[in-house]
Amino acid sequence: MANREKNKKTLLELVKLPENSCCADCGAADPDWASCTLGIFVCLNCSGTHRNLPSVSRIKSIRLDFWDDELVQFMKANGNRAAKNFYEKFVPVFYYQPQPDDCEVLREQWIRAKYERMEFTEEKTERPYTAGVYEGMLWKKGKDNGQFLERKFVLSVHDFTLKYYKEDESKGPKATISVKDLNATFQPEKIGHAYGLQITYCVDDHTRNLFVYHKNGRLIPWITRRYLKEGYMEKTGPLQREPFKKRWFILDSLDRKLLYFKTRLDAIELGVVFIGSESHGYSVRECVPKGTRGNKWKCGVIVETPDRQFVFMCEQERDQREWVEALKTVISKPMMPQDYTSKIITLLIRCAN
């Protein structure tokens with residue numbers, strides 16, 4: 001018993017070291033689990049993925065499970081820093097590394113790539129996504145009928161584009177998208193598939209969505225970033241006397257845009273609100289609007305811009321708080337030179353609509 005407590009104390013001391021105090025795979029603070037075969041400390045979520053790799057990783061609780069002297073010495077001799085130096089030595093700069101609140105598929109592909117396939121341990125390892133062109137079949141949601149059909153997608157680093165084709169490839173690509181103008185986010189719940197992906201890009205000054213999924217999850221985490229907040233709110237018009245209508249909103253903090261759609265799986269947005277900084281006259285606050293028609297929800301959010309006041313309604317107070325907090329995060333950031341271009345484009349879209 002004394003030896004067991006001694007080993008537990010040693011493990012708890014090891015996990016408090018700066019190099020071990022965050023999950024080796026997603027960076028979550030205060031990991032409580034460890035892989036005694038890899039010598040790393042991981043969080044609860046990542047430990048679940050490791051359990052699915054029994055030939056590579058064996059997971060134990062550092063607080064509840066029994067650890068013998070040999071395993072504790074192995075953990076002391078290794079740790080998260082040593083594992084990172086070996087398993088992540090040649091990670092491509094563009095490869096997305098998951099964060100604590102990312103979806104399971106991002107976490108799974110990152111862990112499998114590191115420990116099962118060992119993709120980043122050797123500099124000259126040939127990878128399909130570093131060969132200049134990556135081709136693959138994805139199931140894409142039709143714009144009109146909503147059915148998912150298999151389509152060929154081609155990602156090229158030569159001209160930095162993503163193309164997809166219909167059945168007859170001789171007619172050329174259905175769309176050619178500049179990678180610098182697109183964003184990809186994993187959306188398993190929204191799309192209804194464990195490996196669902198939403199590809200968003202700009203075309204003719206409008207935002208276009210493609211909803212796709214991959215059958216076995218071997219999706220390469222390229223060009224992926226997370227939206228700060230998504231969800232339904234009710235929206236009224238500029239006079240604030242128009243009936244409220246339920247819309248799906250997406251807050252893109254990178255481009256400082258609040259986009260809204262009729263439904264969460266719409267291909268093209270209905271409108272967009274540019275979110276500037278506080279020093280440029282933008283603000284957000286909670287409210288209880290009066291004298292408005294048609295709104296079923298009562299938790300209000302007001303966004304003030306130099307040109308207009310926007311009024312939105314949330315279903316619950318929790319949603320209201322989360323939207324206000326997310327919008328404040330964007331408003332608190334100073335505007336960069338490229339943000340002024342984004343603002344001009346947004347204003348032009350509003351004028352055209």
# chains A, B, ... in the order shown; residues from 1 in each chain; ligands from 1
call {"tool": "closest_atom_pairs", "arguments": {"of": "stretch 115-209 of chain A", "to": "stretch 255-278 of chain A", "cutoff": "8 Å", "atoms": "only C-alpha atoms", "output": "JSON lines"}}
result
{"residue": "A:Lys143", "atom": "CA", "partner": "A:Ala267", "partner_atom": "CA", "distance": 6.5}
{"residue": "A:Lys190", "atom": "CA", "partner": "A:Arg264", "partner_atom": "CA", "distance": 7.5}
{"residue": "A:Ile191", "atom": "CA", "partner": "A:Leu265", "partner_atom": "CA", "distance": 7.8}
{"residue": "A:His206", "atom": "CA", "partner": "A:Ile268", "partner_atom": "CA", "distance": 7.0}
{"residue": "A:Thr207", "atom": "CA", "partner": "A:Ile268", "partner_atom": "CA", "distance": 5.7}
{"residue": "A:Arg208", "atom": "CA", "partner": "A:Ile268", "partner_atom": "CA", "distance": 4.7}
{"residue": "A:Asn209", "atom": "CA", "partner": "A:Ala267", "partner_atom": "CA", "distance": 4.4}
call {"tool": "write_last_selection", "arguments": {"atoms": "N, CA and C atoms", "output": "mmCIF file, in the first residue's frame"}}
result
data_model
loop_
_atom_site.group_PDB
_atom_site.id
_atom_site.type_symbol
_atom_site.label_atom_id
_atom_site.label_comp_id
_atom_site.auth_asym_id
_atom_site.auth_seq_id
_atom_site.Cartn_x
_atom_site.Cartn_y
_atom_site.Cartn_z
ATOM 1 N N LYS A 143 -27.727 21.169 -53.765
ATOM 2 C CA LYS A 143 -28.236 22.499 -53.429
ATOM 3 C C LYS A 143 -29.751 22.547 -53.441
ATOM 4 N N LYS A 190 -24.485 18.913 -37.306
ATOM 5 C CA LYS A 190 -25.274 19.656 -38.283
ATOM 6 C C LYS A 190 -25.578 18.803 -39.523
ATOM 7 N N ILE A 191 -24.571 18.060 -40.000
ATOM 8 C CA ILE A 191 -24.722 17.298 -41.233
ATOM 9 C C ILE A 191 -25.318 15.920 -40.977
ATOM 10 N N HIS A 206 -20.862 36.803 -52.319
ATOM 11 C CA HIS A 206 -21.763 36.102 -51.415
ATOM 12 C C HIS A 206 -21.020 34.947 -50.766
ATOM 13 N N THR A 207 -21.515 34.507 -49.619
ATOM 14 C CA THR A 207 -20.946 33.356 -48.939
ATOM 15 C C THR A 207 -21.669 32.097 -49.390
ATOM 16 N N ARG A 208 -20.904 31.090 -49.791
ATOM 17 C CA ARG A 208 -21.465 29.835 -50.295
ATOM 18 C C ARG A 208 -21.011 28.704 -49.383
ATOM 19 N N ASN A 209 -21.934 27.797 -49.040
ATOM 20 C CA ASN A 209 -21.622 26.644 -48.210
ATOM 21 C C ASN A 209 -21.724 25.359 -49.014
#
call {"tool": "select_by_dssp", "arguments": {"residues": "stretch 78-262 of chain A", "states": "helix (DSSP H, G or I)", "output": "PyMOL selection string"}}
result
chain A and resi 80-87+104-116+128-130+169-171+179-181+188-191
call {"tool": "write_last_selection", "arguments": {"atoms": "N, CA and C atoms", "output": "short mmCIF file (atom, residue, chain, number, x, y, z; two decimals), in the first residue's frame"}}
result
data_model
loop_
_atom_site.label_atom_id
_atom_site.label_comp_id
_atom_site.auth_asym_id
_atom_site.auth_seq_id
_atom_site.Cartn_x
_atom_site.Cartn_y
_atom_site.Cartn_z
N ASN A 80 5.47 14.27 -21.93
CA ASN A 80 4.88 14.92 -23.10
C ASN A 80 5.92 15.60 -24.00
N ARG A 81 6.93 16.21 -23.41
CA ARG A 81 7.93 16.92 -24.21
C ARG A 81 8.71 15.95 -25.08
N ALA A 82 9.15 14.83 -24.50
CA ALA A 82 9.90 13.85 -25.28
C ALA A 82 9.05 13.26 -26.39
N ALA A 83 7.77 13.00 -26.10
CA ALA A 83 6.86 12.46 -27.12
C ALA A 83 6.66 13.45 -28.25
N LYS A 84 6.50 14.73 -27.90
CA LYS A 84 6.31 15.76 -28.93
C LYS A 84 7.52 15.85 -29.84
N ASN A 85 8.70 15.79 -29.25
CA ASN A 85 9.92 15.89 -30.04
C ASN A 85 10.07 14.72 -31.01
N PHE A 86 9.50 13.58 -30.65
CA PHE A 86 9.61 12.41 -31.52
C PHE A 86 8.43 12.29 -32.49
N TYR A 87 7.20 12.30 -31.96
CA TYR A 87 6.02 12.04 -32.78
C TYR A 87 5.57 13.24 -33.60
N GLU A 104 -14.72 15.22 -32.17
CA GLU A 104 -14.01 13.96 -32.00
C GLU A 104 -13.19 13.57 -33.24
N VAL A 105 -13.72 13.86 -34.43
CA VAL A 105 -13.02 13.40 -35.63
C VAL A 105 -11.68 14.10 -35.79
N LEU A 106 -11.58 15.37 -35.45
CA LEU A 106 -10.29 16.07 -35.50
C LEU A 106 -9.31 15.47 -34.52
N ARG A 107 -9.81 15.19 -33.33
CA ARG A 107 -8.97 14.59 -32.29
C ARG A 107 -8.49 13.20 -32.72
N GLU A 108 -9.43 12.41 -33.26
CA GLU A 108 -9.09 11.04 -33.66
C GLU A 108 -8.04 11.00 -34.77
N GLN A 109 -8.23 11.83 -35.81
CA GLN A 109 -7.30 11.80 -36.93
C GLN A 109 -5.91 12.28 -36.53
N TRP A 110 -5.85 13.25 -35.62
CA TRP A 110 -4.56 13.74 -35.14
C TRP A 110 -3.83 12.66 -34.34
N ILE A 111 -4.54 11.98 -33.45
CA ILE A 111 -3.93 10.96 -32.61
C ILE A 111 -3.50 9.75 -33.45
N ARG A 112 -4.37 9.34 -34.38
CA ARG A 112 -4.01 8.21 -35.24
C ARG A 112 -2.82 8.55 -36.14
N ALA A 113 -2.80 9.77 -36.65
CA ALA A 113 -1.68 10.18 -37.52
C ALA A 113 -0.37 10.16 -36.76
N LYS A 114 -0.40 10.59 -35.50
CA LYS A 114 0.82 10.65 -34.70
C LYS A 114 1.33 9.28 -34.27
N TYR A 115 0.46 8.51 -33.62
CA TYR A 115 0.92 7.31 -32.94
C TYR A 115 0.69 6.01 -33.72
N GLU A 116 -0.40 5.94 -34.49
CA GLU A 116 -0.69 4.72 -35.23
C GLU A 116 0.03 4.71 -36.58
N PRO A 128 0.04 11.77 -48.76
CA PRO A 128 -0.79 12.13 -49.91
C PRO A 128 -1.06 13.62 -50.00
N TYR A 129 -1.04 14.32 -48.87
CA TYR A 129 -1.37 15.74 -48.90
C TYR A 129 -0.14 16.62 -49.05
N THR A 130 1.06 15.99 -49.23
CA THR A 130 2.26 16.80 -49.49
C THR A 130 2.80 16.50 -50.89
N GLU A 169 -16.52 14.26 -65.77
CA GLU A 169 -15.37 15.10 -65.49
C GLU A 169 -14.85 15.81 -66.73
N SER A 170 -15.23 15.31 -67.92
CA SER A 170 -14.74 15.93 -69.15
C SER A 170 -15.24 17.36 -69.33
N LYS A 171 -16.32 17.69 -68.65
CA LYS A 171 -16.87 19.04 -68.73
C LYS A 171 -16.13 20.03 -67.83
N VAL A 179 -8.13 28.55 -52.30
CA VAL A 179 -7.99 28.11 -50.92
C VAL A 179 -7.93 29.29 -49.95
N LYS A 180 -7.35 30.39 -50.39
CA LYS A 180 -7.25 31.55 -49.50
C LYS A 180 -8.62 32.14 -49.17
N ASP A 181 -9.64 31.79 -49.97
CA ASP A 181 -10.97 32.35 -49.76
C ASP A 181 -11.93 31.36 -49.10
N PRO A 188 -20.25 17.45 -37.56
CA PRO A 188 -20.93 16.14 -37.52
C PRO A 188 -22.39 16.22 -37.11
N GLU A 189 -22.71 17.06 -36.15
CA GLU A 189 -24.10 17.17 -35.68
C GLU A 189 -24.98 17.85 -36.72
N LYS A 190 -24.49 18.91 -37.31
CA LYS A 190 -25.27 19.66 -38.28
C LYS A 190 -25.58 18.80 -39.52
N ILE A 191 -24.57 18.06 -40.00
CA ILE A 191 -24.72 17.30 -41.23
C ILE A 191 -25.32 15.92 -40.98
#
call {"tool": "residues_around", "arguments": {"residues": "stretch 49-65 of chain A", "least_positions_apart": "6", "cutoff": "10 Å", "atoms": "only C-alpha atoms", "output": "PyMOL selection string"}}
result
chain A and resi 4-5+7-12+15+31-42+72+104-105+107-109+111-112+115-116
call {"tool": "atom_distance", "arguments": {"atom1": "atom CA of A:Val203", "atom2": "atom CA of A:Val154"}}
result
18.4 Å
call {"tool": "residues_around", "arguments": {"residues": "A:Leu327", "least_positions_apart": "6", "cutoff": "12 Å", "atoms": "only C-alpha atoms", "output": "VMD selection string"}}
result
chain A and resid 227 to 230 249 to 253 256 to 258 273 to 278 282 to 286 301 to 304 320 to 321 333
call {"tool": "write_last_selection", "arguments": {"atoms": "N, CA, C and O atoms", "output": "compact mmCIF listing (two decimals), in the first residue's frame"}}
result
# COMPACT_ATOMS: atom_id res chain seq x y z
N TYR A 227 -15.56 28.36 -36.14
CA TYR A 227 -16.34 29.57 -35.97
C TYR A 227 -16.51 29.83 -34.48
O TYR A 227 -16.60 28.90 -33.67
N LEU A 228 -16.56 31.08 -34.13
CA LEU A 228 -16.62 31.44 -32.72
C LEU A 228 -17.96 31.05 -32.11
O LEU A 228 -18.02 30.62 -30.95
N LYS A 229 -19.03 31.17 -32.89
CA LYS A 229 -20.37 30.85 -32.37
C LYS A 229 -21.32 30.58 -33.52
O LYS A 229 -21.27 31.25 -34.56
N GLU A 230 -22.20 29.61 -33.34
CA GLU A 230 -23.25 29.30 -34.31
C GLU A 230 -24.55 29.04 -33.56
O GLU A 230 -24.54 28.58 -32.42
N PHE A 249 -27.41 31.77 -37.49
CA PHE A 249 -26.31 32.74 -37.48
C PHE A 249 -24.97 32.04 -37.28
O PHE A 249 -24.85 31.06 -36.54
N ILE A 250 -23.95 32.58 -37.94
CA ILE A 250 -22.57 32.12 -37.80
C ILE A 250 -21.69 33.34 -37.56
O ILE A 250 -21.73 34.29 -38.35
N LEU A 251 -20.92 33.31 -36.49
CA LEU A 251 -19.99 34.40 -36.20
C LEU A 251 -18.58 33.96 -36.57
O LEU A 251 -18.00 33.08 -35.93
N ASP A 252 -18.04 34.57 -37.62
CA ASP A 252 -16.69 34.29 -38.10
C ASP A 252 -15.77 35.38 -37.55
O ASP A 252 -15.74 36.50 -38.07
N SER A 253 -15.03 35.05 -36.50
CA SER A 253 -14.21 36.06 -35.83
C SER A 253 -13.01 36.47 -36.68
O SER A 253 -12.52 37.59 -36.55
N ARG A 256 -14.46 38.86 -39.10
CA ARG A 256 -15.31 39.82 -38.39
C ARG A 256 -16.69 39.92 -39.06
O ARG A 256 -17.23 41.00 -39.24
N LYS A 257 -17.29 38.78 -39.36
CA LYS A 257 -18.59 38.76 -40.02
C LYS A 257 -19.60 37.95 -39.21
O LYS A 257 -19.28 36.88 -38.71
N LEU A 258 -20.81 38.48 -39.10
CA LEU A 258 -21.95 37.76 -38.55
C LEU A 258 -22.87 37.44 -39.73
O LEU A 258 -23.56 38.32 -40.24
N VAL A 273 -23.50 40.86 -41.38
CA VAL A 273 -23.27 42.07 -40.60
C VAL A 273 -21.78 42.14 -40.26
O VAL A 273 -21.23 41.20 -39.67
N PHE A 274 -21.12 43.22 -40.64
CA PHE A 274 -19.73 43.39 -40.29
C PHE A 274 -19.63 43.81 -38.83
O PHE A 274 -20.38 44.67 -38.36
N ILE A 275 -18.71 43.19 -38.08
CA ILE A 275 -18.53 43.48 -36.66
C ILE A 275 -17.18 44.16 -36.47
O ILE A 275 -16.12 43.51 -36.50
N GLY A 276 -17.19 45.46 -36.31
CA GLY A 276 -15.96 46.22 -36.14
C GLY A 276 -15.51 46.25 -34.69
O GLY A 276 -15.92 45.43 -33.86
N SER A 277 -14.68 47.22 -34.37
CA SER A 277 -14.12 47.31 -33.02
C SER A 277 -14.84 48.39 -32.21
O SER A 277 -15.55 49.24 -32.76
N GLU A 278 -14.63 48.37 -30.92
CA GLU A 278 -15.27 49.34 -30.03
C GLU A 278 -14.84 50.76 -30.36
O GLU A 278 -15.66 51.69 -30.31
N TYR A 282 -18.66 50.23 -32.45
CA TYR A 282 -19.43 48.98 -32.36
C TYR A 282 -19.55 48.56 -30.90
O TYR A 282 -18.62 48.70 -30.11
N SER A 283 -20.72 48.02 -30.55
CA SER A 283 -20.95 47.55 -29.19
C SER A 283 -22.05 46.50 -29.20
O SER A 283 -22.78 46.35 -30.18
N VAL A 284 -22.16 45.77 -28.10
CA VAL A 284 -23.20 44.75 -27.97
C VAL A 284 -23.67 44.71 -26.52
O VAL A 284 -22.88 44.92 -25.60
N ARG A 285 -24.96 44.45 -26.32
CA ARG A 285 -25.49 44.37 -24.96
C ARG A 285 -26.77 43.53 -24.96
O ARG A 285 -27.39 43.31 -25.99
N GLU A 286 -27.11 43.04 -23.78
CA GLU A 286 -28.38 42.34 -23.61
C GLU A 286 -29.51 43.36 -23.53
O GLU A 286 -29.30 44.52 -23.15
N VAL A 301 -30.63 40.65 -27.84
CA VAL A 301 -29.24 41.08 -28.03
C VAL A 301 -29.26 42.25 -29.00
O VAL A 301 -29.83 42.15 -30.08
N ILE A 302 -28.66 43.37 -28.59
CA ILE A 302 -28.57 44.54 -29.47
C ILE A 302 -27.12 44.75 -29.89
O ILE A 302 -26.23 44.80 -29.04
N VAL A 303 -26.91 44.85 -31.19
CA VAL A 303 -25.59 45.15 -31.74
C VAL A 303 -25.66 46.54 -32.35
O VAL A 303 -26.44 46.80 -33.27
N GLU A 304 -24.86 47.44 -31.82
CA GLU A 304 -24.79 48.81 -32.33
C GLU A 304 -23.63 48.94 -33.31
O GLU A 304 -22.51 48.55 -33.02
N GLN A 320 -28.33 33.84 -24.97
CA GLN A 320 -28.14 35.29 -24.97
C GLN A 320 -26.75 35.65 -24.44
O GLN A 320 -26.02 36.44 -25.05
N ARG A 321 -26.38 35.06 -23.30
CA ARG A 321 -25.07 35.35 -22.70
C ARG A 321 -23.93 34.92 -23.63
O ARG A 321 -22.93 35.63 -23.78
N LYS A 333 -11.30 43.19 -30.19
CA LYS A 333 -10.05 43.08 -30.96
C LYS A 333 -9.88 44.29 -31.87
O LYS A 333 -10.83 44.71 -32.53
call {"tool": "atom_distance", "arguments": {"atom1": "atom CA of A:Asp30", "atom2": "atom CA of A:Phe120"}}
result
25.6 Å
call {"tool": "atom_distance", "arguments": {"atom1": "atom CA of A:Asn183", "atom2": "atom CA of A:Phe90"}}
result
24.1 Å
call {"tool": "residues_around", "arguments": {"residues": "A:Leu149", "least_positions_apart": "5", "cutoff": "9 Å", "atoms": "only C-alpha atoms", "output": "list of chain:residue names"}}
result
A:Leu138, A:Trp139, A:Lys140, A:Lys141, A:Gly142
call {"tool": "write_last_selection", "arguments": {"atoms": "N, CA and C atoms", "output": "PDB file, in the first residue's frame"}}
result
ATOM      1  N   LEU A 138     -15.884  12.625 -51.880  1.00  0.00           N
ATOM      2  CA  LEU A 138     -16.713  13.076 -50.769  1.00  0.00           C
ATOM      3  C   LEU A 138     -18.176  13.013 -51.193  1.00  0.00           C
ATOM      4  N   TRP A 139     -19.045  12.804 -50.216  1.00  0.00           N
ATOM      5  CA  TRP A 139     -20.482  12.838 -50.476  1.00  0.00           C
ATOM      6  C   TRP A 139     -20.967  14.255 -50.218  1.00  0.00           C
ATOM      7  N   LYS A 140     -21.503  14.901 -51.262  1.00  0.00           N
ATOM      8  CA  LYS A 140     -21.889  16.313 -51.204  1.00  0.00           C
ATOM      9  C   LYS A 140     -23.407  16.469 -51.235  1.00  0.00           C
ATOM     10  N   LYS A 141     -23.905  17.363 -50.396  1.00  0.00           N
ATOM     11  CA  LYS A 141     -25.342  17.654 -50.342  1.00  0.00           C
ATOM     12  C   LYS A 141     -25.751  18.500 -51.539  1.00  0.00           C
ATOM     13  N   GLY A 142     -26.792  18.067 -52.254  1.00  0.00           N
ATOM     14  CA  GLY A 142     -27.298  18.823 -53.389  1.00  0.00           C
ATOM     15  C   GLY A 142     -27.923  20.134 -52.958  1.00  0.00           C
TER      16      GLY A 142
END
call {"tool": "closest_residue", "arguments": {"among": "A:Asp102, A:Ser21, A:Asn3, A:Cys46", "to": "A:Asp69", "atoms": "only C-alpha atoms"}}
result
A:Asn3
call {"tool": "residues_around", "arguments": {"residues": "A:Gln198", "least_positions_apart": "3", "cutoff": "8 Å", "atoms": "only C-alpha atoms", "output": "list in words"}}
result
Ala184, Thr185, Phe186, Gln187, Asn209, Leu210, Phe211 and Val212 of chain A
call {"tool": "write_last_selection", "arguments": {"atoms": "N, CA and C atoms", "output": "PDB file, in the first residue's frame"}}
result
ATOM      1  N   ALA A 184     -12.880  25.506 -43.792  1.00  0.00           N
ATOM      2  CA  ALA A 184     -13.495  24.198 -43.600  1.00  0.00           C
ATOM      3  C   ALA A 184     -13.646  23.928 -42.117  1.00  0.00           C
ATOM      4  N   THR A 185     -14.838  23.520 -41.705  1.00  0.00           N
ATOM      5  CA  THR A 185     -15.090  23.203 -40.302  1.00  0.00           C
ATOM      6  C   THR A 185     -15.795  21.854 -40.220  1.00  0.00           C
ATOM      7  N   PHE A 186     -15.417  21.037 -39.244  1.00  0.00           N
ATOM      8  CA  PHE A 186     -16.104  19.775 -39.031  1.00  0.00           C
ATOM      9  C   PHE A 186     -17.451  20.049 -38.376  1.00  0.00           C
ATOM     10  N   GLN A 187     -18.520  19.469 -38.942  1.00  0.00           N
ATOM     11  CA  GLN A 187     -19.882  19.706 -38.459  1.00  0.00           C
ATOM     12  C   GLN A 187     -20.653  18.387 -38.405  1.00  0.00           C
ATOM     13  N   ASN A 209     -21.934  27.797 -49.040  1.00  0.00           N
ATOM     14  CA  ASN A 209     -21.622  26.644 -48.210  1.00  0.00           C
ATOM     15  C   ASN A 209     -21.724  25.359 -49.014  1.00  0.00           C
ATOM     16  N   LEU A 210     -20.752  24.479 -48.837  1.00  0.00           N
ATOM     17  CA  LEU A 210     -20.838  23.116 -49.328  1.00  0.00           C
ATOM     18  C   LEU A 210     -20.861  22.193 -48.115  1.00  0.00           C
ATOM     19  N   PHE A 211     -21.809  21.252 -48.087  1.00  0.00           N
ATOM     20  CA  PHE A 211     -21.902  20.308 -46.985  1.00  0.00           C
ATOM     21  C   PHE A 211     -21.533  18.918 -47.507  1.00  0.00           C
ATOM     22  N   VAL A 212     -20.478  18.342 -46.948  1.00  0.00           N
ATOM     23  CA  VAL A 212     -19.963  17.076 -47.443  1.00  0.00           C
ATOM     24  C   VAL A 212     -19.635  16.161 -46.261  1.00  0.00           C
TER      25      VAL A 212
END
call {"tool": "select_by_dssp", "arguments": {"residues": "stretch 87-209 of chain A", "states": "strand (DSSP E)", "output": "NGL selection string"}}
result
:A and (133-141 or 148-156 or 161-165 or 175-178 or 182-186 or 196-203 or 206-209)
call {"tool": "closest_residue", "arguments": {"among": "A:Thr305, A:Thr200, A:Thr121, A:Gln147", "to": "A:Ile331", "atoms": "only C-alpha atoms"}}
result
A:Thr305
